[in-house]
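K.L.:
Contents are compact mmCIF, C-alpha atoms and all ligand atoms; file name protein03.txt:
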```
# COMPACT_ATOMS: atom_id res chain seq x y z
CA MET A 1 255.78 134.96 -213.22
CA THR A 2 257.73 131.75 -212.72
CA LYS A 3 261.50 132.16 -213.15
CA ASN A 4 262.36 129.17 -215.33
CA ARG A 5 259.62 129.41 -217.90
CA ASN A 6 261.07 126.57 -219.93
CA GLU A 7 260.29 124.30 -216.96
CA ILE A 8 256.54 124.80 -217.46
CA GLY A 9 255.04 122.27 -219.79
CA VAL A 10 253.72 118.84 -220.59
CA TYR A 11 255.58 115.55 -220.41
CA VAL A 12 255.21 111.90 -221.28
CA LEU A 13 257.10 109.18 -219.41
CA SER A 14 257.53 105.48 -219.91
CA PHE A 15 258.95 102.94 -217.48
CA ASP A 16 261.24 99.94 -217.65
CA MET A 17 260.90 98.20 -214.30
CA LYS A 18 260.90 94.41 -214.19
CA TYR A 19 258.16 94.18 -211.54
CA PRO A 20 255.20 96.58 -211.20
CA MET A 21 255.92 99.24 -208.60
CA GLY A 22 253.76 101.13 -206.09
CA TYR A 23 252.93 104.53 -207.51
CA TRP A 24 253.43 106.47 -204.32
CA GLU A 25 256.24 105.83 -201.88
CA GLU A 26 254.38 107.80 -199.22
CA LYS A 27 251.47 105.36 -199.42
CA PRO A 28 252.95 101.87 -199.63
CA TRP A 29 249.52 100.36 -198.85
CA SER A 30 248.03 101.77 -202.03
CA PRO A 31 246.68 99.11 -204.42
CA SER A 32 247.84 101.16 -207.44
CA PHE A 33 250.86 99.81 -209.28
CA ILE A 34 252.71 100.99 -212.37
CA SER A 35 254.22 98.64 -214.93
CA ASN A 36 256.47 98.85 -217.97
CA GLN A 37 253.35 98.62 -220.14
CA MET A 38 252.12 102.00 -218.95
CA ILE A 39 252.95 105.60 -219.80
CA LYS A 40 252.22 108.75 -217.87
CA ILE A 41 251.05 112.10 -219.23
CA GLY A 42 251.58 115.05 -216.93
CA LYS A 43 251.83 118.77 -216.60
CA THR A 44 254.25 120.67 -214.40
CA ARG A 45 255.67 124.07 -213.54
CA LYS A 46 258.97 122.58 -212.40
CA TYR A 47 259.96 119.87 -214.84
CA THR A 48 263.43 119.05 -213.46
CA HIS A 49 262.17 118.81 -209.90
CA ARG A 50 259.19 116.70 -210.92
CA MET A 51 261.40 114.21 -212.78
CA LYS A 52 263.55 113.79 -209.68
CA GLU A 53 260.42 112.86 -207.75
CA TYR A 54 259.44 110.20 -210.31
CA GLU A 55 262.97 108.78 -210.32
CA HIS A 56 262.85 108.51 -206.56
CA THR A 57 259.46 106.80 -206.55
CA TYR A 58 260.24 104.40 -209.39
CA GLY A 59 263.77 103.50 -208.47
CA PHE A 60 266.29 102.43 -205.87
CA ARG A 61 265.70 103.97 -202.45
CA ALA A 62 268.09 104.03 -199.51
CA SER A 63 265.17 104.50 -197.16
CA GLU A 64 261.41 104.81 -197.07
CA PRO A 65 259.73 108.10 -196.12
CA GLU A 66 259.78 108.73 -192.37
CA LEU A 67 256.13 109.65 -192.15
CA PRO A 68 253.94 108.51 -189.24
CA ASP A 69 251.58 106.53 -191.49
CA VAL A 70 254.43 104.85 -193.36
CA ILE A 71 256.27 103.98 -190.11
CA ASP A 72 253.00 102.57 -188.72
CA TYR A 73 252.33 100.55 -191.84
CA TYR A 74 255.67 98.78 -191.70
CA ALA A 75 255.65 98.45 -187.90
CA LYS A 76 252.45 96.39 -188.20
CA LYS A 77 254.38 94.03 -190.46
CA GLY A 78 257.13 93.84 -187.85
CA ILE A 79 259.53 96.04 -189.82
CA THR A 80 261.13 98.91 -187.93
CA ASP A 81 264.24 99.62 -189.99
CA LEU A 82 263.09 101.58 -193.04
CA ASN A 83 266.54 101.70 -194.63
CA PHE A 84 265.58 99.10 -197.20
CA ASN A 85 268.35 99.97 -199.67
CA LYS A 86 266.45 98.36 -202.48
CA CYS A 87 264.39 98.86 -205.59
CA ASN A 88 260.90 97.41 -205.75
CA GLY A 89 261.08 97.24 -209.52
CA CYS A 90 264.07 94.94 -209.98
CA ASP A 91 266.76 93.05 -208.10
CA SER A 92 269.56 95.57 -208.41
CA ARG A 93 270.90 97.26 -205.27
CA GLU A 94 272.83 99.92 -207.12
CA PRO A 95 271.41 103.45 -207.35
CA HIS A 96 269.21 103.61 -210.47
CA HIS A 97 265.68 104.32 -211.61
CA HIS A 98 263.11 103.07 -214.13
CA VAL A 99 261.79 106.32 -215.57
CA LYS A 100 262.30 107.19 -219.22
CA GLN A 101 261.56 110.76 -220.26
CA GLU A 102 259.91 110.26 -223.63
CA TYR A 103 258.71 113.76 -224.30
CA PHE A 104 258.66 117.24 -222.86
CA ARG A 105 257.37 120.39 -224.46
CA SER A 106 257.47 123.74 -222.78
CA THR A 107 254.36 125.89 -222.88
CA GLY A 108 255.82 128.46 -220.50
CA LEU A 109 258.13 130.12 -223.03
CA MET A 110 255.42 130.80 -225.57
CA PHE A 111 252.47 131.56 -223.32
CA SER A 112 251.69 133.60 -220.22
CA ASP A 113 251.39 131.75 -216.90
CA GLU A 114 247.64 131.71 -217.09
CA MET A 115 247.51 130.54 -220.68
CA ALA A 116 250.17 127.87 -220.14
CA GLU A 117 248.15 126.60 -217.18
CA ASP A 118 245.00 126.43 -219.33
CA ILE A 119 246.79 124.72 -222.20
CA ASN A 120 248.46 122.14 -219.96
CA LYS A 121 245.14 121.32 -218.36
CA GLY A 122 243.47 121.30 -221.76
CA ILE A 123 245.97 118.75 -223.05
CA GLU A 124 245.29 116.36 -220.19
CA GLU A 125 241.57 116.63 -220.82
CA TYR A 126 241.91 116.31 -224.58
CA ILE A 127 244.18 113.25 -224.38
CA GLY A 128 241.85 111.78 -221.77
CA GLU A 129 238.98 112.11 -224.21
CA VAL A 130 240.73 110.93 -227.39
CA PHE A 131 242.50 108.01 -225.71
CA LYS A 132 239.91 107.06 -223.10
CA GLU A 133 239.88 103.46 -224.34
CA HIS A 134 243.57 103.24 -223.51
CA LYS A 135 243.46 104.78 -220.05
CA LEU A 136 244.69 102.55 -217.23
CA LYS A 137 243.75 102.85 -213.57
CA GLY A 138 246.89 100.97 -212.61
CA PHE A 139 248.73 97.74 -213.41
CA ASN A 140 246.12 95.30 -214.85
CA ASN A 141 243.76 98.29 -214.78
CA LYS A 142 243.41 97.96 -211.00
CA GLY A 143 243.91 101.01 -208.84
CA ARG A 144 243.18 104.69 -209.08
CA VAL A 145 246.06 106.46 -210.77
CA ARG A 146 245.41 109.39 -213.08
CA GLU A 147 246.66 110.12 -216.57
CA TYR A 148 248.28 106.75 -217.14
CA TYR A 149 247.78 105.04 -220.51
CA CYS A 150 248.70 101.90 -222.38
CA LYS A 151 252.21 102.13 -223.79
CA SER A 152 250.99 101.07 -227.25
CA GLN A 153 249.70 104.66 -227.65
CA LEU A 154 252.99 106.38 -226.83
CA GLN A 155 253.72 107.84 -230.27
CA ASN A 156 250.08 108.61 -231.03
CA ILE A 157 249.72 110.54 -227.79
CA ILE A 158 252.92 112.51 -228.36
CA LYS A 159 251.70 113.42 -231.84
CA GLU A 160 248.37 114.66 -230.47
CA ILE A 161 250.06 116.76 -227.79
CA ASP A 162 252.32 118.37 -230.39
CA CYS A 163 249.33 119.17 -232.60
CA PHE A 164 247.40 120.60 -229.68
CA ILE A 165 250.24 122.94 -228.70
CA GLU A 166 250.96 123.96 -232.29
CA GLU A 167 247.32 124.93 -232.79
CA LYS A 168 247.48 127.12 -229.70
CA GLU A 169 250.73 128.69 -230.88
CA LYS A 170 249.15 129.56 -234.24
CA GLU A 171 246.31 131.29 -232.42
CA ILE A 172 248.62 133.77 -230.70
CA LYS A 173 250.93 134.46 -233.66
ZN ZN B 1 265.18 98.74 -210.12
```
In structure tokens, what does this structure look like?

P.N.:
Amino acid sequence: MTKNRNEIGVYVLSFDMKYPMGYWEEKPWSPSFISNQMIKIGKTRKYTHRMKEYEHTYGFRASEPELPDVIDYYAKKGITDLNFNKCNGCDSREPHHHVKQEYFRSTGLMFSDEMAEDINKGIEEYIGEVFKEHKLKGFNNKGRVREYYCKSQLQNIIKEIDCFIEEKEKEIK
């Protein structure tokens, strides 16, 4: 059993960057970008930790990841100092990020590990089906990100997730 059961659950994020940002700092060559018109649905077993990762990716960074592929990528552009001290999403050089936590609901408190896992996965699939018209592969729908949607559906999606979880809770009561 996971220790912090309230950390297991489903979340929805929105973003407020000025410029679309690469979705993965460890793959700066990726064509997938995230904009402030997108939202992300996700499941996690470690909510706090996961949010820190998003804030790092979509925010100010002192330096880029020191991974061989990343170092290579920048070296080919003639850049060897990876201490960029910048944010790709705006012009500010102060520590900050562009992630807004819109929603989190724990499934770990109410359900066993296995059930929570099933429910979290079920929600992603269910939302994917109901809102498939609003799914985005990336900024301008170019790229290959998963579980990102048009921001216009934010409240509708949150409502559906709540309903989904409440139905499951009724089943075990
Ligand atoms: Zn910024």

K.L.:
Excluding same-chain residues fewer than 2 positions from A:His96, what lies within 7 Å of it counting only C-alpha atoms, as a VMD selection string?

P.N.:
chain A and resid 59 to 60 94

K.L.:
Write as JSON, numbers by chain the residues around ligand ZN 1 (chain B), taking 10 Å as the cut-off and counting all atoms listed in the file.

P.N.:
{"A": [16, 17, 18, 19, 21, 58, 59, 60, 61, 86, 87, 88, 89, 90, 91, 92, 93, 94, 95, 96, 97, 98, 99]}

K.L.:
Atom CA of A:Tyr73 and atom CA of A:Lys40, how far apart in Å?

P.N.:
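Separating atom CA of A:Lys40 from atom CA of A:Tyr73 is a distance of 27.3 Å.
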
K.L.:
Identify which of the residues A:Glu167, A:Asp162, A:Glu124, A:Glu117 lies closest to A:Ile8, counting all atoms listed in the file when measuring atom-to-atom distances.

P.N.:
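Among the listed residues, the smallest separation from A:Ile8 belongs to A:Glu117.
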
K.L.:
May I ask for the distance between atom CA of A:Met51 and atom CA of A:Asn4, given in Å to one decimal place?

P.N.:
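Separating atom CA of A:Met51 from atom CA of A:Asn4 is a distance of 15.2 Å.
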
K.L.:
Using only C-alpha atoms, can you list as a PDB file with C-alpha atoms, in the coordinates of the input the residues within 12 Å of (253.7, 109.4, -197.8)?

P.N.:
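So the final result, stored in part29.pdb, reads:
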```pdb
ATOM      1  CA  GLY A  22     253.760 101.130-206.090  1.00  0.00           C
ATOM      2  CA  TYR A  23     252.930 104.530-207.510  1.00  0.00           C
ATOM      3  CA  TRP A  24     253.430 106.470-204.320  1.00  0.00           C
ATOM      4  CA  GLU A  25     256.240 105.830-201.880  1.00  0.00           C
ATOM      5  CA  GLU A  26     254.380 107.800-199.220  1.00  0.00           C
ATOM      6  CA  LYS A  27     251.470 105.360-199.420  1.00  0.00           C
ATOM      7  CA  PRO A  28     252.950 101.870-199.630  1.00  0.00           C
ATOM      8  CA  TRP A  29     249.520 100.360-198.850  1.00  0.00           C
ATOM      9  CA  SER A  30     248.030 101.770-202.030  1.00  0.00           C
ATOM     10  CA  THR A  57     259.460 106.800-206.550  1.00  0.00           C
ATOM     11  CA  GLU A  64     261.410 104.810-197.070  1.00  0.00           C
ATOM     12  CA  PRO A  65     259.730 108.100-196.120  1.00  0.00           C
ATOM     13  CA  GLU A  66     259.780 108.730-192.370  1.00  0.00           C
ATOM     14  CA  LEU A  67     256.130 109.650-192.150  1.00  0.00           C
ATOM     15  CA  PRO A  68     253.940 108.510-189.240  1.00  0.00           C
ATOM     16  CA  ASP A  69     251.580 106.530-191.490  1.00  0.00           C
ATOM     17  CA  VAL A  70     254.430 104.850-193.360  1.00  0.00           C
ATOM     18  CA  ILE A  71     256.270 103.980-190.110  1.00  0.00           C
ATOM     19  CA  ASP A  72     253.000 102.570-188.720  1.00  0.00           C
ATOM     20  CA  TYR A  73     252.330 100.550-191.840  1.00  0.00           C
TER      21      TYR A  73
END
```

K.L.:
Between atom CA of A:Glu55 and atom CA of A:Asn6, what is the spacing in Å?

P.N.:
20.3 Å

K.L.:
Check the smallest atom-to-atom distance from each of A:Asn85, A:Gln101, A:Asn120, A:Ser32 to A:Arg144 using all atoms listed in the file, then report the winner.

P.N.:
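For A:Arg144, the nearest of the given residues is A:Ser32.
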
K.L.:
List the neighbours of A:Cys150 out to 9 Å using all atoms listed in the file; skip same-chain residues closer than 3 positions along the sequence, and give me the result as a list in words.

P.N.:
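Skipping anything fewer than 3 positions along the chain leaves Gln37, Met38, Ile39, Lys40, His134, Lys135, Leu136, Gln153 and Leu154 of chain A.
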
K.L.:
Between A:His56, A:Phe33, A:Gly108, A:Ser63, single out the one closest to A:Arg146, counting only C-alpha atoms.

P.N.:
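Among A:His56, A:Phe33, A:Gly108, A:Ser63, it is A:Phe33 that comes nearest to A:Arg146.
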
K.L.:
Given the choices A:Phe139, A:Lys52, A:Lys43, A:Asn83, which gets closest to A:Gly122 if the distance is worked out from all atoms listed in the file?

P.N.:
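Smallest separation from A:Gly122 among the options: A:Lys43.
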